[in-house]
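A.B. asks: Provided herewith is a single structure, encoded as C-alpha cells, for subsequent inquiry.
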Amino acid sequence: MNNRYDVLDIFKLIAAIFVVGIHIWPLPNPESNIVLFLGIGRFAVPFFLLTSGFLVHKKLMTLPSLAERKQYTWHYLKRLFKFYLAWWLLYLWLIPLDWSGHFRFKGEHGLRLVWSLFKKYILNFFTGSTFQGSWYISATILGGIIVFVLLNRLNVLSQTAIGTIWLAILLIVLLKGKNIPMVMTTLKHIPNFLPAESFLVAVPFLIFGRFIAEYEGFFRRIPILLLTVSIMLIQLLTVKEVFHWRAAGTTLSTEQFIFVDLLAVSVLLLAINVAVRQITIPCSNDIRRLSSFVYMGQFGLIVLTAILHNRFAINMSGWTKFSLVLTALILLFSLSYALQKNTRLKLIRYLW
C-alpha cells in the first residue's frame with residue numbers, strides 16, 4: 001500500500017481555488033456563482049480542517065510514547081503559527097483595509113483609533129480575522145490546542161461524540177440564529193466575534209478528521225463507486241440547501257451548511273480510498289505547498305485589484321480578475337520557491 005496521499009494534495013489545491021472563487025465571484029451569472037462557489041465551494045474550509053485532523057492523528061498514531069506525541073503536537077502548532085505569522089507580517093499593510101481597498105477605520109482618531117487597530121492587528125486572532133481570511137489559520141491553531149491538547153485524554157469516540165453535538169449546536173446557531181433571541185443577545189455583547197469564522201468551526205472538523213484516521217482501515221474500503229455517486233448526490237442537495245437557507249432569512253452566516261459538511265467528509269473519504277491511494281503524483285509535495293500559498297496569497301491580490309480600480313478606474317470582469325489572481329499566485333509561488341533555496345532567504349518557506 002502506498003503510504004502517501006497524493007490525491008489529497010490535489011483536492012487541497014482544488015479547494016483553495018474554490019476559495020478564490022468565493023471571494024471573487026468569477027462567473028457572469030449571480031446564480032451560477034451561488035451554486036458553484038457559495039454552495040459547493042463552501043466544502044473547502046471544512047475539508048482543510050478535516051484533512052488537518054486526519055493527518056495529525058495519523059502521525060500521532062505512529063509515535064509510541066506520550067512524550068513524543070506531545071512534542072509532535074506542539075511542533076505542529078508552532079509550525080502553523082509561524083505560517084500565520086509570516087503572512088501577518090507580509091500583510092501588515094492589508095490589515096486596516098477592507099475588501100474594497102478602503103481604510104476601515106475612517107473617522108476614528110486618537111485612542112479610539114489605537115484601540116481599533118490593536119483589536120484588528122492582535123485580538124482578532126482569537127475572535128475572527130486580522131487580515132482577510134486569516135481566521136481559518138488562527139481557528140486551526142486554537143482548535144488544535146483544544147482537540148489535541150485539552151481534550152487529548154479523551155478517546156477518539158468520546159471526542160467524536162463531543163464534536164457531533166458541537167457541530168449540531170453550531171449549525172443551529174448559524175442557520176437559525178436570527179430566530180433565537182439568546183443568540184442575538186449574546187452576539188450583541190461580543191460584536192467582533194463571528195462564530196462562523198472562529199475556532200468554533202475548527203474543533204468538530206478536527207475531531208472528525210481524527211475519527212476518520214483512527215478507523216481508516218474501514219473507511220478506505222468503501223466502494224469508490226458508492227463514494228462517487230454520493231458526492232454527486234450531495235452536490236445536488238447542497239445547491240438545494242443553499243437556496244433554501246438564503247430564502248429563509250434566518251441565517252447568521254452562509255459559510256456552513258449541512259450538506260456542504262457532508263461533501264467535505266465525502267471528498268476526504270474519496271482521497272483516502274484504497275483505489276485512489278494507488279495513484280502517485282511525483283510533484284504532490286509542491287502541489288500541497290502551492291495550495292497553502294494560493295489560499296493565503298489571494299487576499300492581498302484581490303484587495304490590490306480593488307485599489308487599482310479605486311485609483312486608476314481599471315475595471316475588469318470577475319473572470320478576468322479570477323484568472324489574473326490565479327496566474328499571479330502561480331508566478332509568485334514559483335519565484336518564492338526558487339528564492340527560498342538561497343540560505344539567506346530560507347524564511348520564505350514559512351509562506352507554505
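Here, A, B, ... name the chains of the C-alpha cells in the order displayed, residue numbers run from 1 inside each chain, and ligands are numbered from 1 in the same displayed order.
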Between region 45-93 of chain A and region 19-30 of chain A, at 12 Å or less, what are the per-residue closest atom pairs and their distances in Å? Count only C-alpha atoms, order by chain and rising residue number, and return it as a Markdown table.
C.D. replies:
| residue | atom | partner | partner_atom | distance |
| --- | --- | --- | --- | --- |
| A:Val45 | CA | A:Val19 | CA | 8.2 |
| A:Pro46 | CA | A:Val19 | CA | 11.7 |
| A:Phe47 | CA | A:Val19 | CA | 11.6 |
| A:Phe48 | CA | A:Val19 | CA | 11.2 |
A.B. asks: Report as a list in words all protein, DNA and RNA residues lying within 12 Å of region 336-342 of chain A, evaluated on only C-alpha atoms, omitting residues in the same chain fewer than 2 positions from it.
C.D. replies: Asp286, Ile287, Arg289, Leu290, Phe293, Gly297, Ala328, Leu329, Ile330, Leu331, Leu332, Phe333, Ser334, Arg344, Leu345, Lys346, Leu347, Ile348, Arg349, Tyr350, Leu351 and Trp352 of chain A
A.B. asks: Would you list, as number ranges by chain, the residues of region 113-352 of chain A that end up in helix (DSSP H, G or I) under DSSP run on this structure's backbone?
C.D. replies: A: 113-127, 135-150, 156-179, 181-189, 195-197, 199-214, 216-219, 224-248, 258-271, 276-278, 284-312, 318-339, 343-351
A.B. asks: Taking 3 positions as the minimum chain separation for residues in the same chain, which residues sit within 10 Å of Ala264 (chain A) when counting only C-alpha atoms? Answer as an mmCIF file with N, CA, C and O atoms, in the first residue's frame.
C.D. replies:
data_model
loop_
_atom_site.group_PDB
_atom_site.id
_atom_site.type_symbol
_atom_site.label_atom_id
_atom_site.label_comp_id
_atom_site.auth_asym_id
_atom_site.auth_seq_id
_atom_site.Cartn_x
_atom_site.Cartn_y
_atom_site.Cartn_z
ATOM 1 N N ALA A 15 -9.620 22.839 -3.663
ATOM 2 C CA ALA A 15 -10.373 23.544 -2.622
ATOM 3 C C ALA A 15 -9.893 24.984 -2.484
ATOM 4 O O ALA A 15 -10.701 25.915 -2.327
ATOM 5 N N ILE A 40 -21.396 24.765 -3.459
ATOM 6 C CA ILE A 40 -20.466 23.632 -3.500
ATOM 7 C C ILE A 40 -19.082 24.016 -2.991
ATOM 8 O O ILE A 40 -18.440 23.256 -2.260
ATOM 9 N N GLY A 41 -18.611 25.209 -3.349
ATOM 10 C CA GLY A 41 -17.264 25.626 -2.956
ATOM 11 C C GLY A 41 -17.052 25.775 -1.470
ATOM 12 O O GLY A 41 -15.906 25.802 -0.998
ATOM 13 N N ARG A 42 -18.149 25.862 -0.716
ATOM 14 C CA ARG A 42 -18.018 26.004 0.736
ATOM 15 C C ARG A 42 -17.484 24.740 1.407
ATOM 16 O O ARG A 42 -17.199 24.749 2.606
ATOM 17 N N PHE A 43 -17.332 23.664 0.638
ATOM 18 C CA PHE A 43 -16.756 22.452 1.222
ATOM 19 C C PHE A 43 -15.286 22.665 1.600
ATOM 20 O O PHE A 43 -14.718 21.898 2.379
ATOM 21 N N ALA A 44 -14.663 23.714 1.049
ATOM 22 C CA ALA A 44 -13.211 23.860 1.130
ATOM 23 C C ALA A 44 -12.700 23.946 2.565
ATOM 24 O O ALA A 44 -11.801 23.178 2.952
ATOM 25 N N VAL A 45 -13.231 24.878 3.359
ATOM 26 C CA VAL A 45 -12.693 25.057 4.713
ATOM 27 C C VAL A 45 -12.936 23.831 5.589
ATOM 28 O O VAL A 45 -12.009 23.361 6.265
ATOM 29 N N PRO A 46 -14.158 23.265 5.628
ATOM 30 C CA PRO A 46 -14.312 22.013 6.382
ATOM 31 C C PRO A 46 -13.361 20.916 5.909
ATOM 32 O O PRO A 46 -12.828 20.152 6.720
ATOM 33 N N PHE A 47 -13.126 20.857 4.595
ATOM 34 C CA PHE A 47 -12.203 19.859 4.055
ATOM 35 C C PHE A 47 -10.781 20.096 4.557
ATOM 36 O O PHE A 47 -10.082 19.153 4.949
ATOM 37 N N PHE A 48 -10.322 21.356 4.556
ATOM 38 C CA PHE A 48 -8.996 21.670 5.084
ATOM 39 C C PHE A 48 -8.882 21.224 6.537
ATOM 40 O O PHE A 48 -7.866 20.649 6.956
ATOM 41 N N LEU A 49 -9.904 21.518 7.323
ATOM 42 C CA LEU A 49 -9.865 21.189 8.751
ATOM 43 C C LEU A 49 -9.899 19.675 8.968
ATOM 44 O O LEU A 49 -9.160 19.141 9.809
ATOM 45 N N LEU A 50 -10.752 18.990 8.217
ATOM 46 C CA LEU A 50 -10.790 17.528 8.297
ATOM 47 C C LEU A 50 -9.430 16.929 7.954
ATOM 48 O O LEU A 50 -8.945 16.017 8.632
ATOM 49 N N THR A 51 -8.810 17.462 6.901
ATOM 50 C CA THR A 51 -7.509 16.967 6.460
ATOM 51 C C THR A 51 -6.452 17.172 7.542
ATOM 52 O O THR A 51 -5.623 16.290 7.790
ATOM 53 N N PHE A 205 -14.481 19.633 13.166
ATOM 54 C CA PHE A 205 -13.905 19.029 11.957
ATOM 55 C C PHE A 205 -12.529 18.431 12.227
ATOM 56 O O PHE A 205 -12.166 17.411 11.633
ATOM 57 N N ILE A 231 -21.058 11.724 -3.689
ATOM 58 C CA ILE A 231 -20.575 13.087 -3.879
ATOM 59 C C ILE A 231 -21.451 13.830 -4.888
ATOM 60 O O ILE A 231 -21.802 15.007 -4.681
ATOM 61 N N ILE A 234 -24.797 14.554 -3.141
ATOM 62 C CA ILE A 234 -24.653 15.568 -2.093
ATOM 63 C C ILE A 234 -24.486 16.960 -2.701
ATOM 64 O O ILE A 234 -24.984 17.953 -2.154
ATOM 65 N N PHE A 259 -25.171 19.871 4.145
ATOM 66 C CA PHE A 259 -24.698 19.015 3.054
ATOM 67 C C PHE A 259 -23.310 19.423 2.573
ATOM 68 O O PHE A 259 -22.568 18.591 2.044
ATOM 69 N N VAL A 260 -22.947 20.690 2.761
ATOM 70 C CA VAL A 260 -21.574 21.096 2.461
ATOM 71 C C VAL A 260 -20.585 20.334 3.346
ATOM 72 O O VAL A 260 -19.538 19.866 2.880
ATOM 73 N N ASP A 261 -20.930 20.203 4.610
ATOM 74 C CA ASP A 261 -20.060 19.477 5.543
ATOM 75 C C ASP A 261 -19.979 17.997 5.170
ATOM 76 O O ASP A 261 -18.903 17.385 5.234
ATOM 77 N N VAL A 267 -15.372 13.921 0.226
ATOM 78 C CA VAL A 267 -14.171 14.167 -0.579
ATOM 79 C C VAL A 267 -12.942 13.601 0.137
ATOM 80 O O VAL A 267 -12.060 13.006 -0.512
ATOM 81 N N LEU A 268 -12.866 13.768 1.448
ATOM 82 C CA LEU A 268 -11.744 13.184 2.188
ATOM 83 C C LEU A 268 -11.768 11.660 2.088
ATOM 84 O O LEU A 268 -10.717 11.024 1.880
ATOM 85 N N LEU A 269 -12.947 11.065 2.228
ATOM 86 C CA LEU A 269 -13.046 9.611 2.116
ATOM 87 C C LEU A 269 -12.625 9.128 0.727
ATOM 88 O O LEU A 269 -12.008 8.064 0.599
ATOM 89 N N LEU A 270 -12.953 9.898 -0.289
ATOM 90 C CA LEU A 270 -12.519 9.538 -1.643
ATOM 91 C C LEU A 270 -10.997 9.602 -1.754
ATOM 92 O O LEU A 270 -10.374 8.732 -2.365
#
A.B. asks: Between CA of Gly177 (chain A) and CA of Gly249 (chain A), what is the spacing in Å?
C.D. replies: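 About the pair CA of Gly249 (chain A) and CA of Gly177 (chain A): they are 9.9 Å apart.
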A.B. asks: May I ask which of the residues A:Thr238, A:Thr185, A:Ser134, A:Ser100 is the closest one to Val303 (chain A), counting only C-alpha atoms?
C.D. replies: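 So, comparing all the options, the nearest one is A:Ser100.
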A.B. asks: So the first atom is CA of Leu94 (chain A) and the second is CA of Gly144 (chain A); what is the distance between them in Å, to one decimal place?
C.D. replies: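 CA of Leu94 (chain A) sits 26.3 Å away from CA of Gly144 (chain A).
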A.B. asks: Just checking: using only C-alpha atoms, which residue out of A:Trp99, A:Phe54, A:Phe322, A:Tyr215 ends up closest to Asn310 (chain A)?
C.D. replies: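 With only C-alpha atoms as the atom set, the closest residue is A:Trp99.
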A.B. asks: In Å, with one decimal, what is the gap from CA of Ala67 (chain A) to CA of Leu150 (chain A)?
C.D. replies: 15.2 Å
A.B. asks: So, with only C-alpha atoms as the atoms that count, which of A:Asn155, A:Asn179, A:Gln256, A:Thr251 lies closest to Ala202 (chain A)?
C.D. replies: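 Once distances to Ala202 (chain A) are computed over only C-alpha atoms, the minimum belongs to A:Gln256.
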A.B. asks: Looking at only C-alpha atoms, which of A:Ile190, A:Met316, A:Val229, A:Ala247 is the one that sits closest to Leu175 (chain A)?
C.D. replies: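 Distance minimum relative to Leu175 (chain A) lands on A:Ala247.
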